[in-house]
file query-v1.txt (compact mmCIF, C-alpha atoms and all ligand atoms)
# COMPACT_ATOMS: atom_id res chain seq x y z
CA MET I 43 -14.60 11.02 16.17
CA LYS I 44 -11.91 9.44 13.98
CA ASN I 45 -8.28 10.02 14.93
CA ILE I 46 -6.73 10.55 11.49
CA LEU I 47 -2.98 10.03 11.09
CA VAL I 48 -2.58 10.39 7.32
CA GLN I 49 -4.85 12.13 4.87
CA VAL I 50 -4.52 12.91 1.18
CA GLU I 51 -6.59 15.38 -0.77
CA ALA I 52 -6.90 15.50 -4.55
CA LEU I 53 -3.51 13.82 -4.90
CA LYS I 54 -2.28 13.60 -8.47
CA LYS I 55 0.74 11.96 -10.09
CA TYR I 56 1.07 11.65 -13.87
CA PHE I 57 4.11 10.19 -15.64
CA PRO I 58 5.10 11.46 -19.11
CA VAL I 59 5.48 8.92 -21.89
CA LYS I 60 8.26 10.09 -24.24
CA ARG I 61 8.73 8.84 -27.79
CA GLY I 62 10.67 9.48 -30.98
CA LEU I 63 14.13 10.79 -31.73
CA LEU I 64 13.46 14.06 -29.97
CA TYR I 65 12.07 12.27 -26.97
CA LYS I 66 8.86 14.28 -27.12
CA ILE I 67 6.04 13.75 -24.65
CA ALA I 68 3.49 11.54 -26.44
CA GLY I 69 1.08 11.22 -23.55
CA TRP I 70 0.65 10.85 -19.84
CA ILE I 71 0.13 7.84 -17.58
CA LYS I 72 -2.42 8.94 -15.00
CA ALA I 73 -1.12 6.74 -12.18
CA VAL I 74 -2.81 8.64 -9.35
CA ASP I 75 -5.65 10.95 -10.28
CA GLN I 76 -7.32 13.21 -7.72
CA VAL I 77 -7.26 10.66 -4.91
CA ASN I 78 -8.76 11.44 -1.49
CA LEU I 79 -8.01 9.10 1.42
CA GLU I 80 -8.03 9.12 5.19
CA MET I 81 -6.16 6.70 7.42
CA GLU I 82 -7.16 6.21 11.03
CA LYS I 83 -4.43 5.97 13.67
CA GLY I 84 -3.63 2.41 14.75
CA LYS I 85 -5.80 0.87 12.01
CA THR I 86 -5.13 -0.95 8.74
CA LEU I 87 -6.37 0.40 5.45
CA GLY I 88 -6.26 -2.28 2.76
CA LEU I 89 -5.62 -0.94 -0.75
CA VAL I 90 -6.64 -3.40 -3.43
CA GLY I 91 -6.79 -3.44 -7.22
CA GLU I 92 -5.34 -5.17 -10.25
CA SER I 93 -1.66 -4.80 -11.18
CA GLY I 94 -0.92 -1.42 -12.73
CA CYS I 95 -3.87 0.38 -11.13
CA GLY I 96 -1.61 2.83 -9.28
CA LYS I 97 -1.57 1.34 -5.74
CA THR I 98 2.19 1.45 -5.30
CA THR I 99 2.53 4.90 -6.88
CA LEU I 100 -0.16 6.21 -4.54
CA ALA I 101 1.60 4.76 -1.48
CA ARG I 102 5.03 6.04 -2.51
CA THR I 103 3.60 9.47 -3.25
CA MET I 104 2.03 9.51 0.22
CA LEU I 105 5.49 8.81 1.66
CA ARG I 106 6.98 11.53 -0.60
CA LEU I 107 9.28 8.92 -2.17
CA ILE I 108 7.66 10.14 -5.39
CA GLU I 109 6.83 13.82 -5.70
CA PRO I 110 3.13 14.52 -6.34
CA ASP I 111 2.12 16.83 -9.20
CA SER I 112 -0.61 18.41 -7.13
CA GLY I 113 -2.87 17.80 -4.16
CA GLU I 114 -2.03 17.74 -0.48
CA ILE I 115 -0.75 15.14 1.99
CA TYR I 116 -1.34 15.66 5.71
CA PHE I 117 0.51 13.78 8.44
CA ARG I 118 -0.71 14.37 12.00
CA GLU I 119 -2.85 17.17 10.50
CA GLN I 120 0.26 18.98 9.17
CA PRO I 121 0.61 19.51 5.41
CA ILE I 122 3.79 17.76 4.25
CA THR I 123 3.57 18.19 0.49
CA ARG I 124 5.88 21.20 0.35
CA ILE I 125 7.98 20.94 3.52
CA SER I 126 11.74 21.61 3.53
CA PRO I 127 14.20 18.77 2.76
CA GLN I 128 15.34 18.81 6.41
CA ALA I 129 11.76 18.52 7.72
CA LEU I 130 11.11 15.74 5.20
CA ARG I 131 14.25 13.92 6.33
CA ASN I 132 13.03 14.03 9.94
CA LEU I 133 9.59 12.88 8.88
CA ARG I 134 11.09 9.79 7.18
CA GLN I 135 11.63 8.29 10.64
CA ASP I 136 7.89 8.26 11.20
CA MET I 137 6.85 6.88 7.79
CA GLN I 138 8.43 3.68 6.54
CA ILE I 139 7.87 0.99 3.91
CA VAL I 140 8.17 -2.81 3.72
CA PHE I 141 8.75 -3.93 0.14
CA GLN I 142 7.17 -6.84 -1.69
CA ASP I 143 10.23 -8.79 -2.67
CA PRO I 144 12.35 -9.88 0.31
CA PHE I 145 14.97 -11.22 -2.14
CA ASN I 146 15.63 -7.96 -3.97
CA SER I 147 14.87 -5.43 -1.25
CA LEU I 148 17.91 -6.42 0.84
CA ASP I 149 21.43 -5.62 -0.31
CA PRO I 150 23.24 -8.98 -0.61
CA ARG I 151 26.56 -7.33 0.35
CA PHE I 152 25.28 -6.10 3.72
CA THR I 153 25.07 -8.14 6.91
CA VAL I 154 21.77 -8.18 8.77
CA SER I 155 23.31 -5.84 11.33
CA ARG I 156 24.24 -3.27 8.69
CA THR I 157 20.86 -3.58 6.93
CA ILE I 158 18.84 -3.02 10.08
CA SER I 159 21.07 -0.36 11.61
CA GLU I 160 21.37 1.91 8.54
CA GLY I 161 18.53 4.19 9.65
CA LEU I 162 19.68 4.17 13.26
CA GLN I 163 23.16 5.26 12.17
CA VAL I 164 21.74 8.15 10.15
CA PHE I 165 19.29 9.45 12.74
CA GLN I 166 20.75 8.48 16.11
CA SER I 167 24.35 8.81 17.20
CA LEU I 168 24.75 5.56 19.11
CA SER I 169 27.93 3.85 20.23
CA LYS I 170 28.84 0.60 18.46
CA SER I 171 27.73 -1.55 21.39
CA LYS I 172 24.43 0.35 21.80
CA LEU I 173 23.76 -0.05 18.08
CA ALA I 174 24.40 -3.81 18.30
CA ASP I 175 22.06 -4.01 21.33
CA GLN I 176 19.32 -2.24 19.38
CA VAL I 177 19.76 -4.57 16.39
CA ARG I 178 19.57 -7.63 18.67
CA GLU I 179 16.43 -6.24 20.27
CA LEU I 180 14.86 -5.69 16.83
CA LEU I 181 15.80 -9.22 15.77
CA ALA I 182 14.03 -10.59 18.85
CA VAL I 183 10.95 -8.43 18.15
CA VAL I 184 10.60 -9.88 14.63
CA GLY I 185 11.35 -13.44 15.77
CA LEU I 186 14.90 -13.92 14.45
CA PRO I 187 17.72 -15.49 16.48
CA ASP I 188 20.54 -13.47 17.99
CA ASP I 189 23.14 -15.08 15.73
CA ALA I 190 21.43 -13.67 12.61
CA ILE I 191 23.21 -10.39 13.28
CA ASN I 192 26.39 -11.10 11.30
CA ARG I 193 24.88 -13.23 8.56
CA TYR I 194 24.01 -12.22 4.98
CA PRO I 195 20.57 -12.18 3.29
CA HIS I 196 21.30 -15.26 1.11
CA GLU I 197 21.58 -17.36 4.30
CA PHE I 198 17.87 -16.83 5.09
CA SER I 199 14.55 -18.13 3.74
CA GLY I 200 12.01 -15.79 2.10
CA GLY I 201 9.99 -15.42 5.32
CA GLN I 202 13.10 -14.70 7.38
CA ARG I 203 14.22 -12.09 4.86
CA GLN I 204 10.85 -10.41 5.12
CA ARG I 205 11.33 -10.35 8.91
CA ILE I 206 14.65 -8.57 8.32
CA GLY I 207 12.86 -6.07 6.05
CA ILE I 208 10.25 -5.49 8.76
CA ALA I 209 12.95 -5.04 11.44
CA ARG I 210 14.59 -2.42 9.21
CA ALA I 211 11.26 -0.64 8.70
CA ILE I 212 10.44 -0.45 12.43
CA SER I 213 14.00 0.36 13.58
CA LEU I 214 13.22 4.09 13.89
CA LYS I 215 9.89 3.48 15.67
CA PRO I 216 7.63 4.84 12.91
CA SER I 217 3.91 5.35 13.40
CA PHE I 218 2.94 4.79 9.73
CA LEU I 219 4.01 1.77 7.67
CA VAL I 220 3.29 1.09 4.03
CA LEU I 221 3.23 -2.67 3.47
CA ASP I 222 3.61 -3.08 -0.28
CA GLU I 223 2.46 -6.64 -1.09
CA PRO I 224 4.50 -7.87 1.92
CA VAL I 225 3.42 -11.51 1.66
CA SER I 226 2.68 -11.94 -2.06
CA SER I 227 5.94 -13.72 -2.85
CA LEU I 228 5.80 -16.06 0.16
CA ASP I 229 4.35 -19.57 0.62
CA VAL I 230 0.89 -19.67 2.19
CA SER I 231 2.12 -21.05 5.54
CA VAL I 232 4.82 -18.38 5.74
CA GLN I 233 2.29 -15.70 4.74
CA ALA I 234 0.26 -16.51 7.85
CA GLN I 235 3.34 -16.19 10.09
CA ILE I 236 4.26 -12.80 8.63
CA ILE I 237 0.68 -11.56 8.92
CA ASN I 238 0.62 -12.65 12.58
CA LEU I 239 3.89 -10.80 13.16
CA LEU I 240 2.42 -7.66 11.59
CA TYR I 241 -0.64 -7.93 13.88
CA GLU I 242 1.62 -8.25 16.95
CA LEU I 243 3.71 -5.24 15.93
CA GLN I 244 0.63 -3.14 15.24
CA GLU I 245 -0.74 -3.95 18.68
CA ARG I 246 2.58 -3.41 20.44
CA PHE I 247 3.64 -0.16 18.72
CA ALA I 248 0.21 1.30 17.76
CA LEU I 249 1.20 1.23 14.09
CA THR I 250 -0.99 2.48 11.26
CA TYR I 251 -0.75 0.30 8.15
CA LEU I 252 -1.46 0.92 4.49
CA PHE I 253 -1.59 -2.70 3.33
CA ILE I 254 -1.32 -3.05 -0.46
CA THR I 255 -2.23 -6.27 -2.19
CA HIS I 256 -4.15 -7.63 -5.16
CA ASP I 257 -5.35 -10.55 -3.00
CA LEU I 258 -8.84 -9.94 -1.60
CA ASN I 259 -8.64 -12.91 0.79
CA ILE I 260 -5.65 -11.28 2.49
CA ILE I 261 -7.28 -7.84 2.49
CA ARG I 262 -10.37 -9.33 4.14
CA GLN I 263 -8.20 -10.89 6.83
CA VAL I 264 -6.01 -7.90 7.69
CA SER I 265 -7.95 -4.68 7.03
CA ASP I 266 -10.17 -2.51 9.18
CA GLU I 267 -11.13 -0.50 6.12
CA VAL I 268 -10.72 -1.23 2.41
CA ALA I 269 -10.16 1.05 -0.58
CA VAL I 270 -10.58 -0.36 -4.08
CA MET I 271 -8.50 1.30 -6.80
CA TYR I 272 -9.02 1.22 -10.55
CA LEU I 273 -6.78 3.04 -13.03
CA GLY I 274 -5.57 5.76 -10.70
CA LYS I 275 -8.87 6.35 -8.90
CA ILE I 276 -10.45 5.06 -5.70
CA VAL I 277 -13.78 3.61 -6.87
CA GLU I 278 -15.04 2.33 -3.50
CA GLN I 279 -14.04 2.63 0.14
CA ALA I 280 -15.77 1.14 3.18
CA VAL I 281 -15.19 -0.62 6.47
CA ASN I 282 -14.19 -4.24 5.97
CA ALA I 283 -17.52 -5.96 6.72
CA ASP I 284 -19.49 -3.45 4.61
CA LEU I 285 -17.25 -3.82 1.60
CA PHE I 286 -17.23 -7.61 1.66
CA ASN I 287 -20.91 -8.09 2.60
CA ARG I 288 -22.43 -5.17 0.70
CA PRO I 289 -20.13 -4.20 -2.20
CA GLN I 290 -21.71 -1.46 -4.32
CA HIS I 291 -19.40 -0.66 -7.21
CA PRO I 292 -19.62 -3.05 -10.20
CA TYR I 293 -15.82 -3.43 -10.21
CA THR I 294 -15.72 -4.41 -6.52
CA LYS I 295 -18.59 -6.86 -7.05
CA ILE I 296 -16.82 -8.57 -9.93
CA LEU I 297 -13.49 -8.66 -8.05
CA LEU I 298 -15.21 -10.33 -5.10
CA GLU I 299 -17.09 -12.82 -7.27
CA ALA I 300 -13.85 -13.66 -9.08
CA THR I 301 -11.97 -14.41 -5.84
CA PRO I 302 -11.31 -18.14 -5.27
CA ILE I 303 -13.08 -19.53 -2.17
CA ALA I 304 -11.26 -22.28 -0.28
CA HIS I 305 -14.29 -23.98 1.34
CA PRO I 306 -15.99 -26.36 -1.19
CA LYS I 307 -19.50 -25.78 0.25
CA GLU I 308 -19.23 -22.01 -0.13
CA ARG I 309 -17.97 -22.13 -3.72
CA LYS I 310 -20.11 -20.45 -6.41
CA PRO I 311 -19.48 -20.11 -10.15
CA ARG I 312 -16.71 -17.54 -10.45
CA ALA I 313 -17.32 -14.27 -12.28
CA ILE I 314 -14.85 -13.37 -14.98
CA LEU I 315 -13.60 -9.85 -15.29
CA LYS I 316 -13.69 -9.30 -19.03
CA GLY I 317 -10.84 -7.67 -20.91
CA GLU I 318 -7.53 -6.33 -19.81
CA VAL I 319 -7.13 -3.24 -17.66
CA THR I 320 -7.33 -0.29 -20.08
CA SER I 321 -4.01 1.51 -20.58
CA ALA I 322 -3.62 4.32 -18.05
CA MET I 323 -2.39 6.42 -20.99
CA HIS I 324 -5.50 5.94 -23.14
CA LEU I 325 -8.34 6.20 -20.67
CA PRO I 326 -11.90 5.93 -21.91
CA SER I 327 -14.10 9.02 -21.58
CA GLY I 328 -16.39 9.22 -18.56
CA CYS I 329 -16.11 6.26 -16.23
CA ARG I 330 -12.76 4.48 -16.53
CA PHE I 331 -14.36 1.11 -15.90
CA ARG I 332 -17.04 1.42 -18.59
CA THR I 333 -15.24 -0.70 -21.21
CA ARG I 334 -15.41 -3.69 -18.84
CA CYS I 335 -18.54 -2.86 -16.88
CA PRO I 336 -21.60 -5.12 -17.42
CA SER I 337 -23.92 -2.30 -16.25
CA ALA I 338 -22.53 0.55 -18.38
CA MET I 339 -25.11 3.12 -19.52
CA ASP I 340 -25.05 6.11 -21.88
CA ILE I 341 -24.13 8.56 -19.18
CA CYS I 342 -21.08 6.47 -18.26
CA SER I 343 -19.25 7.50 -21.45
CA ARG I 344 -20.11 11.17 -21.00
CA GLN I 345 -19.57 11.86 -17.33
CA GLU I 346 -16.99 10.67 -14.86
CA PRO I 347 -18.73 9.51 -11.66
CA ALA I 348 -17.62 11.24 -8.46
CA LEU I 349 -16.68 9.31 -5.32
CA LYS I 350 -19.55 10.03 -2.94
CA GLU I 351 -20.94 8.85 0.38
CA ILE I 352 -23.63 6.23 -0.32
CA ALA I 353 -24.00 5.06 3.31
CA PRO I 354 -22.27 5.99 6.56
CA ASN I 355 -18.51 5.33 6.11
CA HIS I 356 -19.12 3.86 2.64
CA ARG I 357 -18.14 5.75 -0.53
CA ALA I 358 -18.38 4.68 -4.15
CA ALA I 359 -18.03 6.23 -7.60
CA CYS I 360 -20.73 4.95 -9.96
CA HIS I 361 -23.71 6.47 -11.79
CA LEU I 362 -25.87 3.53 -10.71
CA LEU I 363 -25.64 4.56 -7.07
FE1 LIG I 401 -20.33 0.85 -14.70
FE2 LIG I 401 -21.29 3.24 -15.36
FE3 LIG I 401 -20.93 2.61 -12.80
FE4 LIG I 401 -18.86 3.04 -14.40
S1 LIG I 401 -20.40 4.53 -13.78
S2 LIG I 401 -19.07 1.42 -12.94
S3 LIG I 401 -19.58 2.17 -16.31
S4 LIG I 401 -22.37 1.65 -14.24
call {"tool": "encode", "arguments": {"input": "query-v1.txt", "output": "structure tokens"}}
result
Amino acid sequence: MKNILVQVEALKKYFPVKRGLLYKIAGWIKAVDQVNLEMEKGKTLGLVGESGCGKTTLARTMLRLIEPDSGEIYFREQPITRISPQALRNLRQDMQIVFQDPFNSLDPRFTVSRTISEGLQVFQSLSKSKLADQVRELLAVVGLPDDAINRYPHEFSGGQRQRIGIARAISLKPSFLVLDEPVSSLDVSVQAQIINLLYELQERFALTYLFITHDLNIIRQVSDEVAVMYLGKIVEQAVNADLFNRPQHPYTKILLEATPIAHPKERKPRAILKGEVTSAMHLPSGCRFRTRCPSAMDICSRQEPALKEIAPNHRAACHLL
């Protein structure tokens, strides 16, 4: 039986679009629309999709950094969608985030020590020397030298800054980490180092990761399970090997065919995903992917396909299936 750490049910987050002199609501961006997800303890769920499909909003809503409009979030089987501010504050220790951009996510005015110890100062009353010991220990865990403690973010490379961001995220010993495009802005060689560090930390601290990226090669490398998102909806979810070897949803198939392959002998003509992502404010009727789908049928404009189990541990939302 699966040991589920985080679960969301019918999670919904719409953003109003206001226009005109009176700032009237002209429509809604359906960033997260009735999403169901389960995350197994100690595993990595890769969340993939094009820019603007709602990945980051979904993750931030799961962390309650953004308030959901409706639906339920469970953490360790406890509903956390409507808990008190105090309970939410305590929960923050257990759910943390590593941001995409290591250049903008660190305050340039703060030393590494202050950046990493902020959470510790809020949640644990430690003496100055104990705090410094903890920061040094965290620096060692993420592979930074002792003397980094009193330096400022601009003195570090992109990869080192991301290590600082990771040290900050694990300072309170969380069990759930959202990794929001954590390596997208780094060079390929540095990406590999950061990914290896994340593996080590997961192993050492039994961390559960929600790994967000638009890069399928990275998702393939890091994930135990993969969820594919399109315009606010999960359209396919499966264990890693199933999704990459037997993709079922037309969107997943095209995304995989469009992914560059490094090895020359394995290269095939690349598929092209036609058209831009439809605006999340003006969604087509029925299936949201129908305006770009090569297999669209009549029913696709009339009825929205439900996400359903098509094989053990493999779900997809398409009328073809
Ligand atoms: Fe394509 Fe129809 Fe399936 Fe949507 S439901 S992905 S339009 S075949």
call {"tool": "closest_residue", "arguments": {"input": "query-v1.txt", "among": "I:Leu273, I:Cys342, I:Val220, I:Leu168", "to": "Thr255 of chain I", "atoms": "all atoms listed in the file"}}
result
I:Val220
call {"tool": "axis_aligned_box", "arguments": {"input": "query-v1.txt", "around": "ligand LIG 401 (chain I)", "padding_each_side": "6 Å", "output": "JSON"}}
result
{"center_x": -20.6, "center_y": 2.7, "center_z": -14.6, "size_x": 15.5, "size_y": 15.7, "size_z": 15.5}
call {"tool": "residues_around", "arguments": {"input": "query-v1.txt", "residues": "Leu252 of chain I", "least_positions_apart": "2", "cutoff": "10 Å", "atoms": "only C-alpha atoms", "output": "MDAnalysis selection string"}}
result
chainID I and resid 48 81 85:89 101 139 218:222 249:250 254:255 265 267:268
call {"tool": "residues_near_ligand", "arguments": {"input": "query-v1.txt", "ligand": "ligand LIG 401 (chain I)", "cutoff": "8 Å", "atoms": "all atoms listed in the file", "output": "list of chain:residue names"}}
result
I:His291, I:Pro292, I:Tyr293, I:Gly328, I:Cys329, I:Arg330, I:Phe331, I:Arg332, I:Thr333, I:Arg334, I:Cys335, I:Pro336, I:Ser337, I:Ala338, I:Met339, I:Ile341, I:Cys342, I:Ser343, I:Glu346, I:Pro347, I:Ala359, I:Cys360, I:His361, I:Leu362, I:Leu363
call {"tool": "atom_distance", "arguments": {"input": "query-v1.txt", "atom1": "atom CA of Ala300 of chain I", "atom2": "atom CA of Asp266 of chain I"}}
result
21.7 Å
call {"tool": "residues_around", "arguments": {"input": "query-v1.txt", "residues": "Gly200 of chain I", "least_positions_apart": "4", "cutoff": "9 Å", "atoms": "all atoms listed in the file", "output": "ChimeraX atom specification"}}
result
/I:143-145,204-205,227-229,232
call {"tool": "residues_around", "arguments": {"input": "query-v1.txt", "residues": "segment 153-157 of chain I", "least_positions_apart": "3", "cutoff": "8 Å", "atoms": "all atoms listed in the file", "output": "ChimeraX atom specification"}}
result
/I:148-150,160,174,177,190-195,206,210
call {"tool": "closest_residue", "arguments": {"input": "query-v1.txt", "among": "I:Leu239, I:Ala353, I:Leu297, I:Leu133", "to": "Tyr116 of chain I", "atoms": "only C-alpha atoms"}}
result
I:Leu133
call {"tool": "residues_around", "arguments": {"input": "query-v1.txt", "residues": "Arg288 of chain I", "least_positions_apart": "3", "cutoff": "12 Å", "atoms": "only C-alpha atoms", "output": "list in words"}}
result
Glu278, Gln279, Ala280, Val281, Asn282, Ala283, Asp284, Leu285, His291, Pro292, Thr294, Lys295, Leu298, Ile352, Ala353, His356, Arg357 and Ala358 of chain I
call {"tool": "residues_around", "arguments": {"input": "query-v1.txt", "residues": "Gln235 of chain I", "least_positions_apart": "4", "cutoff": "10 Å", "atoms": "all atoms listed in the file", "output": "PyMOL selection string"}}
result
chain I and resi 201+205+225+230-231+239-241
call {"tool": "closest_residue", "arguments": {"input": "query-v1.txt", "among": "I:Val59, I:Leu130, I:Ile122, I:Leu349", "to": "Ala269 of chain I", "atoms": "only C-alpha atoms"}}
result
I:Leu349
call {"tool": "closest_residue", "arguments": {"input": "query-v1.txt", "among": "I:Val90, I:Ile115, I:Ala52, I:Ile236", "to": "Arg102 of chain I", "atoms": "all atoms listed in the file"}}
result
I:Ile115
call {"tool": "build_atoms", "arguments": {"input": "query-v1.txt", "residues": "segment 157-189 of chain I", "atoms": "N, CA and C atoms", "output": "PDB file, in the frame of the given file"}}
result
ATOM      1  N   THR I 157      22.160  -3.864   7.557  1.00  0.00           N
ATOM      2  CA  THR I 157      20.860  -3.580   6.930  1.00  0.00           C
ATOM      3  C   THR I 157      19.910  -2.926   7.930  1.00  0.00           C
ATOM      4  N   ILE I 158      19.819  -3.521   9.114  1.00  0.00           N
ATOM      5  CA  ILE I 158      18.840  -3.020  10.080  1.00  0.00           C
ATOM      6  C   ILE I 158      19.286  -1.709  10.716  1.00  0.00           C
ATOM      7  N   SER I 159      20.610  -1.534  10.855  1.00  0.00           N
ATOM      8  CA  SER I 159      21.070  -0.360  11.610  1.00  0.00           C
ATOM      9  C   SER I 159      21.296   0.876  10.747  1.00  0.00           C
ATOM     10  N   GLU I 160      21.098   0.756   9.415  1.00  0.00           N
ATOM     11  CA  GLU I 160      21.370   1.910   8.540  1.00  0.00           C
ATOM     12  C   GLU I 160      20.645   3.173   8.994  1.00  0.00           C
ATOM     13  N   GLY I 161      19.332   3.035   9.222  1.00  0.00           N
ATOM     14  CA  GLY I 161      18.530   4.190   9.650  1.00  0.00           C
ATOM     15  C   GLY I 161      18.966   4.702  11.003  1.00  0.00           C
ATOM     16  N   LEU I 162      19.266   3.773  11.908  1.00  0.00           N
ATOM     17  CA  LEU I 162      19.680   4.170  13.260  1.00  0.00           C
ATOM     18  C   LEU I 162      20.981   4.971  13.197  1.00  0.00           C
ATOM     19  N   GLN I 163      21.880   4.561  12.295  1.00  0.00           N
ATOM     20  CA  GLN I 163      23.160   5.260  12.170  1.00  0.00           C
ATOM     21  C   GLN I 163      22.965   6.680  11.639  1.00  0.00           C
ATOM     22  N   VAL I 164      21.980   6.829  10.733  1.00  0.00           N
ATOM     23  CA  VAL I 164      21.740   8.150  10.150  1.00  0.00           C
ATOM     24  C   VAL I 164      21.084   9.083  11.165  1.00  0.00           C
ATOM     25  N   PHE I 165      20.106   8.560  11.905  1.00  0.00           N
ATOM     26  CA  PHE I 165      19.290   9.450  12.740  1.00  0.00           C
ATOM     27  C   PHE I 165      19.687   9.481  14.209  1.00  0.00           C
ATOM     28  N   GLN I 166      20.403   8.486  14.685  1.00  0.00           N
ATOM     29  CA  GLN I 166      20.750   8.480  16.110  1.00  0.00           C
ATOM     30  C   GLN I 166      22.245   8.228  16.245  1.00  0.00           C
ATOM     31  N   SER I 167      22.903   9.058  17.040  1.00  0.00           N
ATOM     32  CA  SER I 167      24.350   8.810  17.200  1.00  0.00           C
ATOM     33  C   SER I 167      24.564   7.870  18.397  1.00  0.00           C
ATOM     34  N   LEU I 168      24.612   6.582  18.068  1.00  0.00           N
ATOM     35  CA  LEU I 168      24.750   5.560  19.110  1.00  0.00           C
ATOM     36  C   LEU I 168      26.152   4.972  19.058  1.00  0.00           C
ATOM     37  N   SER I 169      26.638   4.537  20.206  1.00  0.00           N
ATOM     38  CA  SER I 169      27.930   3.850  20.230  1.00  0.00           C
ATOM     39  C   SER I 169      27.759   2.494  19.538  1.00  0.00           C
ATOM     40  N   LYS I 170      28.876   1.890  19.163  1.00  0.00           N
ATOM     41  CA  LYS I 170      28.840   0.600  18.460  1.00  0.00           C
ATOM     42  C   LYS I 170      28.083  -0.459  19.259  1.00  0.00           C
ATOM     43  N   SER I 171      28.357  -0.496  20.570  1.00  0.00           N
ATOM     44  CA  SER I 171      27.730  -1.550  21.390  1.00  0.00           C
ATOM     45  C   SER I 171      26.228  -1.280  21.549  1.00  0.00           C
ATOM     46  N   LYS I 172      25.866   0.021  21.674  1.00  0.00           N
ATOM     47  CA  LYS I 172      24.430   0.350  21.800  1.00  0.00           C
ATOM     48  C   LYS I 172      23.685  -0.009  20.517  1.00  0.00           C
ATOM     49  N   LEU I 173      24.352   0.262  19.380  1.00  0.00           N
ATOM     50  CA  LEU I 173      23.760  -0.050  18.080  1.00  0.00           C
ATOM     51  C   LEU I 173      23.509  -1.563  17.962  1.00  0.00           C
ATOM     52  N   ALA I 174      24.531  -2.340  18.360  1.00  0.00           N
ATOM     53  CA  ALA I 174      24.400  -3.810  18.300  1.00  0.00           C
ATOM     54  C   ALA I 174      23.271  -4.281  19.219  1.00  0.00           C
ATOM     55  N   ASP I 175      23.157  -3.655  20.409  1.00  0.00           N
ATOM     56  CA  ASP I 175      22.060  -4.010  21.330  1.00  0.00           C
ATOM     57  C   ASP I 175      20.706  -3.761  20.682  1.00  0.00           C
ATOM     58  N   GLN I 176      20.603  -2.598  20.022  1.00  0.00           N
ATOM     59  CA  GLN I 176      19.320  -2.240  19.380  1.00  0.00           C
ATOM     60  C   GLN I 176      18.987  -3.236  18.268  1.00  0.00           C
ATOM     61  N   VAL I 177      20.008  -3.622  17.486  1.00  0.00           N
ATOM     62  CA  VAL I 177      19.760  -4.570  16.390  1.00  0.00           C
ATOM     63  C   VAL I 177      19.303  -5.909  16.976  1.00  0.00           C
ATOM     64  N   ARG I 178      19.960  -6.355  18.040  1.00  0.00           N
ATOM     65  CA  ARG I 178      19.570  -7.630  18.670  1.00  0.00           C
ATOM     66  C   ARG I 178      18.133  -7.556  19.183  1.00  0.00           C
ATOM     67  N   GLU I 179      17.792  -6.418  19.756  1.00  0.00           N
ATOM     68  CA  GLU I 179      16.430  -6.240  20.270  1.00  0.00           C
ATOM     69  C   GLU I 179      15.414  -6.315  19.117  1.00  0.00           C
ATOM     70  N   LEU I 180      15.761  -5.663  17.990  1.00  0.00           N
ATOM     71  CA  LEU I 180      14.860  -5.690  16.830  1.00  0.00           C
ATOM     72  C   LEU I 180      14.729  -7.106  16.266  1.00  0.00           C
ATOM     73  N   LEU I 181      15.842  -7.834  16.264  1.00  0.00           N
ATOM     74  CA  LEU I 181      15.800  -9.220  15.770  1.00  0.00           C
ATOM     75  C   LEU I 181      14.845 -10.046  16.637  1.00  0.00           C
ATOM     76  N   ALA I 182      14.921  -9.840  17.947  1.00  0.00           N
ATOM     77  CA  ALA I 182      14.030 -10.590  18.850  1.00  0.00           C
ATOM     78  C   ALA I 182      12.578 -10.204  18.600  1.00  0.00           C
ATOM     79  N   VAL I 183      12.335  -8.910  18.381  1.00  0.00           N
ATOM     80  CA  VAL I 183      10.950  -8.430  18.150  1.00  0.00           C
ATOM     81  C   VAL I 183      10.347  -9.102  16.917  1.00  0.00           C
ATOM     82  N   VAL I 184      11.162  -9.289  15.857  1.00  0.00           N
ATOM     83  CA  VAL I 184      10.600  -9.880  14.630  1.00  0.00           C
ATOM     84  C   VAL I 184      10.782 -11.401  14.582  1.00  0.00           C
ATOM     85  N   GLY I 185      11.287 -11.980  15.676  1.00  0.00           N
ATOM     86  CA  GLY I 185      11.350 -13.440  15.770  1.00  0.00           C
ATOM     87  C   GLY I 185      12.544 -14.062  15.067  1.00  0.00           C
ATOM     88  N   LEU I 186      13.674 -13.343  15.034  1.00  0.00           N
ATOM     89  CA  LEU I 186      14.900 -13.920  14.450  1.00  0.00           C
ATOM     90  C   LEU I 186      15.918 -14.151  15.559  1.00  0.00           C
ATOM     91  N   PRO I 187      16.768 -15.193  15.409  1.00  0.00           N
ATOM     92  CA  PRO I 187      17.720 -15.490  16.480  1.00  0.00           C
ATOM     93  C   PRO I 187      18.846 -14.452  16.549  1.00  0.00           C
ATOM     94  N   ASP I 188      19.448 -14.398  17.708  1.00  0.00           N
ATOM     95  CA  ASP I 188      20.540 -13.470  17.990  1.00  0.00           C
ATOM     96  C   ASP I 188      21.693 -13.594  16.980  1.00  0.00           C
ATOM     97  N   ASP I 189      21.965 -14.863  16.587  1.00  0.00           N
ATOM     98  CA  ASP I 189      23.140 -15.080  15.730  1.00  0.00           C
ATOM     99  C   ASP I 189      22.896 -14.680  14.268  1.00  0.00           C
TER     100      ASP I 189
END
